[in-house]
Amino acid sequence: MADDSNKSLEKEALNISEDYSSVSVNLINIEKADATLIFLDAHEQEFAGVELSDEEHSVITNKVHWYLLPLLIAVNTLLFMDKATLSYAAILGIYESTNLTDSLYDDLNSIFYTGYTVGQLLNFVLQKYNLRIFLTIIVFLWSVVVFLHAAAFNFGGLVVLRLVLGILESIVVPALEVSLFQFYTPTQRATIQPVFWIGCVGFPVVIVGFMAYGVLYAKDTIPPWKIFMIINGGITLVMSVIIYIFYPSDPSQANFLTDKEKFFLIKRVQKESKASITQHNIKRHQIIECLRDPITWLFALFSFLIMLANNLNYQQNLLYVSLGVSNLGSTLVSVAGGGFASAFAVFGAILTHYFPNNSFWICVVGCLPSIAGGIAMVTISWSNKLALLAMLVLAANTYFLAYIVGFGWSSSSCSGNTKRYFRHFIFCVAYGIANIISPQLWKGNQTNRYYAAWSVQIVLAWFGTPLVAGVITLILKARNKERLAYIESHPEALFGTVVKIDPETGKEVTEKVDIGSLDLTDLENKTFIYPL
């Protein structure tokens, strides 16, 4: 029965692929091709016939590692430091200053993600404009909104600020992901992703935890939570300046690379990914294909399910207090949890490096400890505080590995810039909707055990997500089987042709290029191999 089911699924996947690739798309105008093709064309004669050694390729990779990756991690860390501020503000006096209740606190988290969901429309602005300038403006405005939190004195003011903050922060991670796609090959991204995401699961909690610990000792007339917000706003403002000065919009504008290094980096990424690096035209047919591709909706379901557990990160400080930990002590427990999450992220990076194309199993590895911790939270006696504390740390700090895998896998399993942006838009809308819902799971008279919230997390988030990952794996394996056979019988399909104007004659000419330069979708480009 299982074999029959798999064969049926494979046949369906192959039919989908054939439907989309029935028209020849290997001849396009250069304006519709990868924008970096203009840079390649300008330096083609200069570097024609040049081959780089493995050592020279390693030098380029190391430059990207040491210059770009720390910048991406720093921005991502700051983003998730900011997401943690409301959680810490809850134990720093924001309840008393603004007359919040637990129910209103949960509503603020839902309001933030309402803004986050609406803000996904900025993905289309992101595609059309200069990445460095766009990100600078977003981070600057974000810092202003964080500063304004310190002026809030009631729930209404916080509603407006959290809504706007959600809109602004919603586009930061997509912008950072664009850079990962521009500078790293698919194999490199698989290893880099968990390292990049350490900036959201470990370091921010540790940093913000120590900041909150210090602020609690502040002897001042200003409430500690306001000092906390001002510090975060100041750090964010500094980051906006750093982005403006140092952030590269794409490899052709990376000042830390020579022209030769830019040329071969672009060539390498296009060749290995068989996908374009950047394209500023929004292509309607790629949006339609994205909507028709079932993989898009499976990844949306993946995002929705795993994020039903995300409010646990906002609740855990309150849960620590309910277990008898003091406000001061809860900051230290959070720091310990952040350290554990960082170590688990490193473990995830090692797994993806040594066991590539095993996204399903890595999702399982991420969710199993959370399942164990979640079950323990509803079964261990409430009097056993130490065991409950340990299980809470376990449940809250491992499932993120599945989200990291799904987030990167969703984008890397499609090509075509517009399709990738639109799939990311749908993935993040599902993320936002789940995060609007998840705070509401903790409302009502559930006592300290929160049986309803834990049940949803265990069954849907931590058990359901790996199941969806398994279905995605089956479909993509079926598509890859067809594509490998096609490449073997059609080696010429690895190349395409662009039409451009010869600057000397003013006439149209054609040029043979790698298929990855054409900005084709994965279903148009039958040589695209899906990462698993």
# chains A, B, ... in the order shown; residues from 1 in each chain; ligands from 1
call {"tool": "residues_around", "arguments": {"residues": "Ala493 of chain A", "least_positions_apart": "3", "cutoff": "7 Å", "atoms": "only C-alpha atoms", "output": "MDAnalysis selection string"}}
result
chainID A and resid 487 490 527
call {"tool": "write_last_selection", "arguments": {"atoms": "N, CA and C atoms", "output": "PDB file, in the first residue's frame"}}
result
ATOM      1  N   ILE A 487      18.437  15.612 -17.482  1.00  0.00           N
ATOM      2  CA  ILE A 487      19.759  16.232 -17.650  1.00  0.00           C
ATOM      3  C   ILE A 487      20.710  15.286 -18.371  1.00  0.00           C
ATOM      4  N   HIS A 490      19.682  15.385 -21.972  1.00  0.00           N
ATOM      5  CA  HIS A 490      19.651  16.713 -22.588  1.00  0.00           C
ATOM      6  C   HIS A 490      20.713  17.613 -21.938  1.00  0.00           C
ATOM      7  N   THR A 527      16.505  21.540 -15.272  1.00  0.00           N
ATOM      8  CA  THR A 527      17.792  21.104 -14.727  1.00  0.00           C
ATOM      9  C   THR A 527      17.932  21.481 -13.250  1.00  0.00           C
TER      10      THR A 527
END
call {"tool": "residues_around", "arguments": {"residues": "Ser383 of chain A", "least_positions_apart": "6", "cutoff": "12 Å", "atoms": "only C-alpha atoms", "output": "tab-separated table (two decimals) with N, CA and C atoms, in the first residue's frame"}}
result
chain	number	residue	atom	x	y	z
A	322	SER	N	5.84	31.47	37.73
A	322	SER	CA	4.77	30.63	38.28
A	322	SER	C	5.33	29.38	38.94
A	323	LEU	N	6.54	28.98	38.53
A	323	LEU	CA	7.19	27.82	39.15
A	323	LEU	C	7.96	28.20	40.41
A	324	GLY	N	7.87	29.47	40.79
A	324	GLY	CA	8.50	29.90	42.03
A	324	GLY	C	9.83	30.59	41.86
A	377	MET	N	5.63	18.44	30.85
A	377	MET	CA	5.03	19.62	31.46
A	377	MET	C	3.58	19.40	31.88
A	389	LEU	N	11.00	22.80	35.57
A	389	LEU	CA	11.85	23.87	35.05
A	389	LEU	C	12.76	23.34	33.94
A	448	ASN	N	-2.00	26.93	36.12
A	448	ASN	CA	-0.60	27.03	35.70
A	448	ASN	C	-0.18	25.92	34.74
A	449	ARG	N	-1.02	24.90	34.55
A	449	ARG	CA	-0.63	23.77	33.69
A	449	ARG	C	-0.88	24.04	32.21
call {"tool": "atom_distance", "arguments": {"atom1": "atom CA of Ile111 of chain A", "atom2": "atom CA of Val456 of chain A"}}
result
20.8 Å
call {"tool": "closest_residue", "arguments": {"among": "A:Phe264, A:Tyr113, A:Phe304, A:Phe210", "to": "Glu51 of chain A", "atoms": "only C-alpha atoms"}}
result
A:Phe264
call {"tool": "residues_around", "arguments": {"residues": "segment 214-230 of chain A", "least_positions_apart": "2", "cutoff": "12 Å", "atoms": "only C-alpha atoms", "output": "count of residues only"}}
result
48
call {"tool": "atom_distance", "arguments": {"atom1": "atom CA of Pro251 of chain A", "atom2": "atom CA of Ser273 of chain A"}}
result
15.1 Å
call {"tool": "select_by_dssp", "arguments": {"residues": "segment 90-252 of chain A", "states": "alpha helix (DSSP H)", "output": "MDAnalysis selection string"}}
result
chainID A and resid 94:98 102:118 122:128 131:149 155:169 172:183 186:201 203:215 224:246
call {"tool": "write_last_selection", "arguments": {"atoms": "C-alpha atoms", "output": "short mmCIF file (atom, residue, chain, number, x, y, z; two decimals), in the first residue's frame"}}
result
data_model
loop_
_atom_site.label_atom_id
_atom_site.label_comp_id
_atom_site.auth_asym_id
_atom_site.auth_seq_id
_atom_site.Cartn_x
_atom_site.Cartn_y
_atom_site.Cartn_z
CA ILE A 94 5.58 47.38 32.22
CA TYR A 95 2.44 45.81 33.73
CA GLU A 96 2.31 48.41 36.48
CA SER A 97 3.23 51.40 34.28
CA THR A 98 0.66 50.69 31.56
CA ASP A 102 -1.92 38.78 31.41
CA SER A 103 -4.76 38.79 28.88
CA LEU A 104 -3.77 42.20 27.45
CA TYR A 105 -0.13 41.07 27.31
CA ASP A 106 -1.17 38.10 25.15
CA ASP A 107 -3.17 40.47 22.95
CA LEU A 108 -0.08 42.64 22.41
CA ASN A 109 1.79 39.62 21.05
CA SER A 110 -1.09 38.89 18.68
CA ILE A 111 -1.17 42.54 17.57
CA PHE A 112 2.57 42.47 16.82
CA TYR A 113 2.08 39.48 14.52
CA THR A 114 -0.94 41.10 12.90
CA GLY A 115 1.44 43.85 11.82
CA TYR A 116 4.01 41.21 10.88
CA THR A 117 1.50 39.50 8.60
CA VAL A 118 0.41 42.73 6.90
CA LEU A 122 6.87 44.74 1.72
CA ASN A 123 8.44 41.69 0.04
CA PHE A 124 7.44 43.17 -3.31
CA VAL A 125 9.03 46.51 -2.42
CA LEU A 126 12.16 44.62 -1.35
CA GLN A 127 12.46 42.94 -4.75
CA LYS A 128 12.22 46.20 -6.70
CA LEU A 131 18.63 46.15 -0.75
CA ARG A 132 21.12 48.22 1.29
CA ILE A 133 19.05 51.43 1.18
CA PHE A 134 15.79 49.58 1.83
CA LEU A 135 17.18 47.73 4.86
CA THR A 136 18.78 50.91 6.25
CA ILE A 137 15.44 52.76 6.18
CA ILE A 138 13.56 49.84 7.77
CA VAL A 139 16.07 49.43 10.63
CA PHE A 140 16.18 53.19 11.29
CA LEU A 141 12.38 53.38 11.54
CA TRP A 142 12.42 50.28 13.72
CA SER A 143 14.81 52.03 16.17
CA VAL A 144 12.48 55.05 16.34
CA VAL A 145 9.51 52.84 17.23
CA VAL A 146 11.51 51.06 19.96
CA PHE A 147 12.47 54.44 21.46
CA LEU A 148 8.80 55.47 21.44
CA HIS A 149 7.91 52.44 23.58
CA PHE A 155 -2.47 49.70 26.46
CA GLY A 156 -3.70 51.82 23.53
CA GLY A 157 -0.29 53.36 22.96
CA LEU A 158 1.38 49.95 23.08
CA VAL A 159 -1.12 48.58 20.54
CA VAL A 160 -0.10 51.17 17.94
CA LEU A 161 3.61 50.71 18.62
CA ARG A 162 3.52 46.90 18.51
CA LEU A 163 1.48 46.95 15.28
CA VAL A 164 3.94 49.29 13.52
CA LEU A 165 6.92 47.40 14.91
CA GLY A 166 5.51 44.15 13.54
CA ILE A 167 5.18 45.70 10.07
CA LEU A 168 8.76 46.99 10.11
CA GLU A 169 10.39 43.85 11.51
CA VAL A 172 14.15 42.12 7.97
CA VAL A 173 14.66 38.34 7.86
CA PRO A 174 13.52 38.11 4.20
CA ALA A 175 16.11 40.77 3.36
CA LEU A 176 18.84 38.83 5.16
CA GLU A 177 17.77 35.63 3.40
CA VAL A 178 18.16 37.39 0.04
CA SER A 179 21.81 37.99 0.90
CA LEU A 180 22.33 34.35 1.86
CA PHE A 181 20.97 33.32 -1.54
CA GLN A 182 23.15 35.84 -3.35
CA PHE A 183 26.47 34.90 -1.75
CA PRO A 186 22.85 25.60 -1.86
CA THR A 187 25.36 23.26 -0.19
CA GLN A 188 26.94 26.13 1.72
CA ARG A 189 23.54 27.51 2.77
CA ALA A 190 22.54 24.18 4.28
CA THR A 191 25.42 24.47 6.75
CA ILE A 192 25.28 28.25 7.18
CA GLN A 193 21.53 28.45 7.95
CA PRO A 194 21.70 27.04 11.51
CA VAL A 195 24.74 29.22 12.27
CA PHE A 196 22.88 32.27 10.94
CA TRP A 197 19.84 31.41 13.05
CA ILE A 198 21.90 31.15 16.24
CA GLY A 199 21.27 34.89 16.10
CA CYS A 200 17.61 34.29 16.90
CA VAL A 201 17.58 31.35 19.28
CA PHE A 203 22.57 34.89 21.67
CA PRO A 204 19.61 37.32 21.93
CA VAL A 205 18.23 35.54 24.97
CA VAL A 206 21.64 35.53 26.64
CA ILE A 207 22.35 39.20 25.81
CA VAL A 208 18.90 40.49 26.70
CA GLY A 209 18.84 38.33 29.83
CA PHE A 210 22.02 39.94 31.16
CA MET A 211 20.75 43.40 30.14
CA ALA A 212 17.53 42.81 32.08
CA TYR A 213 19.52 41.47 35.03
CA GLY A 214 21.56 44.69 35.09
CA VAL A 215 18.55 46.97 34.63
CA PRO A 224 13.47 49.62 34.51
CA TRP A 225 11.47 48.56 31.45
CA LYS A 226 11.79 52.05 29.93
CA ILE A 227 15.57 52.03 30.39
CA PHE A 228 15.53 48.61 28.76
CA MET A 229 13.65 49.94 25.71
CA ILE A 230 15.94 52.98 25.37
CA ILE A 231 19.04 50.77 25.38
CA ASN A 232 17.56 48.52 22.69
CA GLY A 233 16.52 51.51 20.60
CA GLY A 234 20.03 52.96 20.78
CA ILE A 235 21.65 49.70 19.66
CA THR A 236 19.19 49.45 16.76
CA LEU A 237 19.93 53.02 15.67
CA VAL A 238 23.67 52.27 15.56
CA MET A 239 22.94 49.16 13.48
CA SER A 240 21.08 51.23 10.87
CA VAL A 241 24.24 53.30 10.35
CA ILE A 242 26.40 50.17 10.07
CA ILE A 243 24.04 48.72 7.45
CA TYR A 244 24.15 51.93 5.40
CA ILE A 245 27.96 51.93 5.35
CA PHE A 246 28.80 48.24 4.98
#
call {"tool": "closest_residue", "arguments": {"among": "A:Leu518, A:Asn281, A:Ala42, A:Pro491", "to": "Asp259 of chain A", "atoms": "only C-alpha atoms"}}
result
A:Ala42
call {"tool": "residues_around", "arguments": {"residues": "Ala395 of chain A", "least_positions_apart": "4", "cutoff": "12 Å", "atoms": "only C-alpha atoms", "output": "CSV table (one decimal) with N, CA and C atoms, in the first residue's frame"}}
result
chain,number,residue,atom,x,y,z
A,309,ALA,N,3.6,27.0,18.3
A,309,ALA,CA,4.4,26.9,19.6
A,309,ALA,C,5.2,28.1,19.9
A,310,ASN,N,5.2,29.1,19.0
A,310,ASN,CA,6.2,30.2,19.2
A,310,ASN,C,5.9,31.1,20.4
A,312,LEU,N,5.4,30.2,23.2
A,312,LEU,CA,6.1,29.7,24.4
A,312,LEU,C,7.3,30.5,24.7
A,313,ASN,N,8.0,31.1,23.7
A,313,ASN,CA,9.1,31.9,24.0
A,313,ASN,C,8.8,33.2,24.8
A,316,GLN,N,7.6,32.0,28.6
A,316,GLN,CA,8.5,31.2,29.5
A,316,GLN,C,8.9,32.0,30.7
A,337,GLY,N,18.8,28.9,29.3
A,337,GLY,CA,18.1,28.4,28.2
A,337,GLY,C,18.6,28.9,26.8
A,340,PHE,N,21.7,26.9,26.0
A,340,PHE,CA,21.4,25.6,25.5
A,340,PHE,C,20.9,25.6,24.1
A,341,ALA,N,20.1,26.6,23.8
A,341,ALA,CA,19.6,26.8,22.4
A,341,ALA,C,20.7,27.0,21.4
A,366,GLY,N,14.8,18.0,15.8
A,366,GLY,CA,14.4,19.2,16.5
A,366,GLY,C,13.2,19.1,17.3
A,367,CYS,N,12.2,18.3,16.8
A,367,CYS,CA,10.9,18.3,17.5
A,367,CYS,C,10.8,17.2,18.6
A,368,LEU,N,11.6,16.2,18.5
A,368,LEU,CA,11.5,15.1,19.5
A,368,LEU,C,11.7,15.6,20.9
A,369,PRO,N,12.8,16.4,21.2
A,369,PRO,CA,13.0,16.9,22.6
A,369,PRO,C,11.9,17.8,23.0
A,370,SER,N,11.3,18.5,22.1
A,370,SER,CA,10.2,19.4,22.5
A,370,SER,C,9.0,18.6,22.9
A,371,ILE,N,8.7,17.5,22.1
A,371,ILE,CA,7.6,16.6,22.4
A,371,ILE,C,7.8,16.0,23.8
A,372,ALA,N,9.0,15.6,24.1
A,372,ALA,CA,9.3,15.0,25.4
A,372,ALA,C,9.1,16.0,26.5
A,373,GLY,N,9.6,17.2,26.3
A,373,GLY,CA,9.5,18.3,27.3
A,373,GLY,C,8.0,18.7,27.5
A,374,GLY,N,7.3,18.8,26.4
A,374,GLY,CA,5.9,19.2,26.5
A,374,GLY,C,5.0,18.1,27.2
A,375,ILE,N,5.2,16.9,26.9
A,375,ILE,CA,4.5,15.8,27.6
A,375,ILE,C,4.8,15.9,29.1
A,376,ALA,N,6.1,16.1,29.4
A,376,ALA,CA,6.5,16.2,30.8
A,376,ALA,C,5.8,17.3,31.6
A,377,MET,N,5.6,18.4,30.8
A,377,MET,CA,5.0,19.6,31.5
A,377,MET,C,3.6,19.4,31.9
A,378,VAL,N,2.9,18.4,31.3
A,378,VAL,CA,1.5,18.2,31.6
A,378,VAL,C,1.3,16.9,32.4
A,388,LEU,N,10.2,20.3,36.3
A,388,LEU,CA,9.3,21.1,35.4
A,388,LEU,C,10.1,22.2,34.8
A,389,LEU,N,11.0,22.8,35.6
A,389,LEU,CA,11.8,23.9,35.0
A,389,LEU,C,12.8,23.3,33.9
A,390,ALA,N,13.4,22.2,34.2
A,390,ALA,CA,14.3,21.6,33.2
A,390,ALA,C,13.5,21.2,31.9
A,391,MET,N,12.3,20.7,32.1
A,391,MET,CA,11.5,20.2,30.9
A,391,MET,C,11.0,21.5,30.1
A,399,TYR,N,12.8,22.9,19.2
A,399,TYR,CA,11.9,22.8,18.0
A,399,TYR,C,12.3,23.9,16.9
A,400,PHE,N,12.9,25.0,17.4
A,400,PHE,CA,13.3,26.0,16.4
A,400,PHE,C,14.2,25.4,15.3
A,454,TRP,N,-0.4,23.3,25.7
A,454,TRP,CA,0.6,22.3,25.6
A,454,TRP,C,0.1,21.2,24.6
A,457,GLN,N,0.5,22.4,21.0
A,457,GLN,CA,1.9,22.4,20.7
A,457,GLN,C,2.5,21.0,20.4
A,458,ILE,N,2.1,20.1,21.3
A,458,ILE,CA,2.7,18.7,21.1
A,458,ILE,C,2.1,18.1,19.9
A,461,ALA,N,2.2,21.3,16.5
A,461,ALA,CA,3.5,21.9,16.2
A,461,ALA,C,4.6,20.9,16.1
A,462,TRP,N,4.7,20.1,17.1
A,462,TRP,CA,5.9,19.2,17.2
A,462,TRP,C,5.8,17.8,16.6
call {"tool": "residues_around", "arguments": {"residues": "Gly470 of chain A", "least_positions_apart": "4", "cutoff": "12 Å", "atoms": "only C-alpha atoms", "output": "PyMOL selection string"}}
result
chain A and resi 6+295+298-299+302+358-364+406+463-466+474-477+532
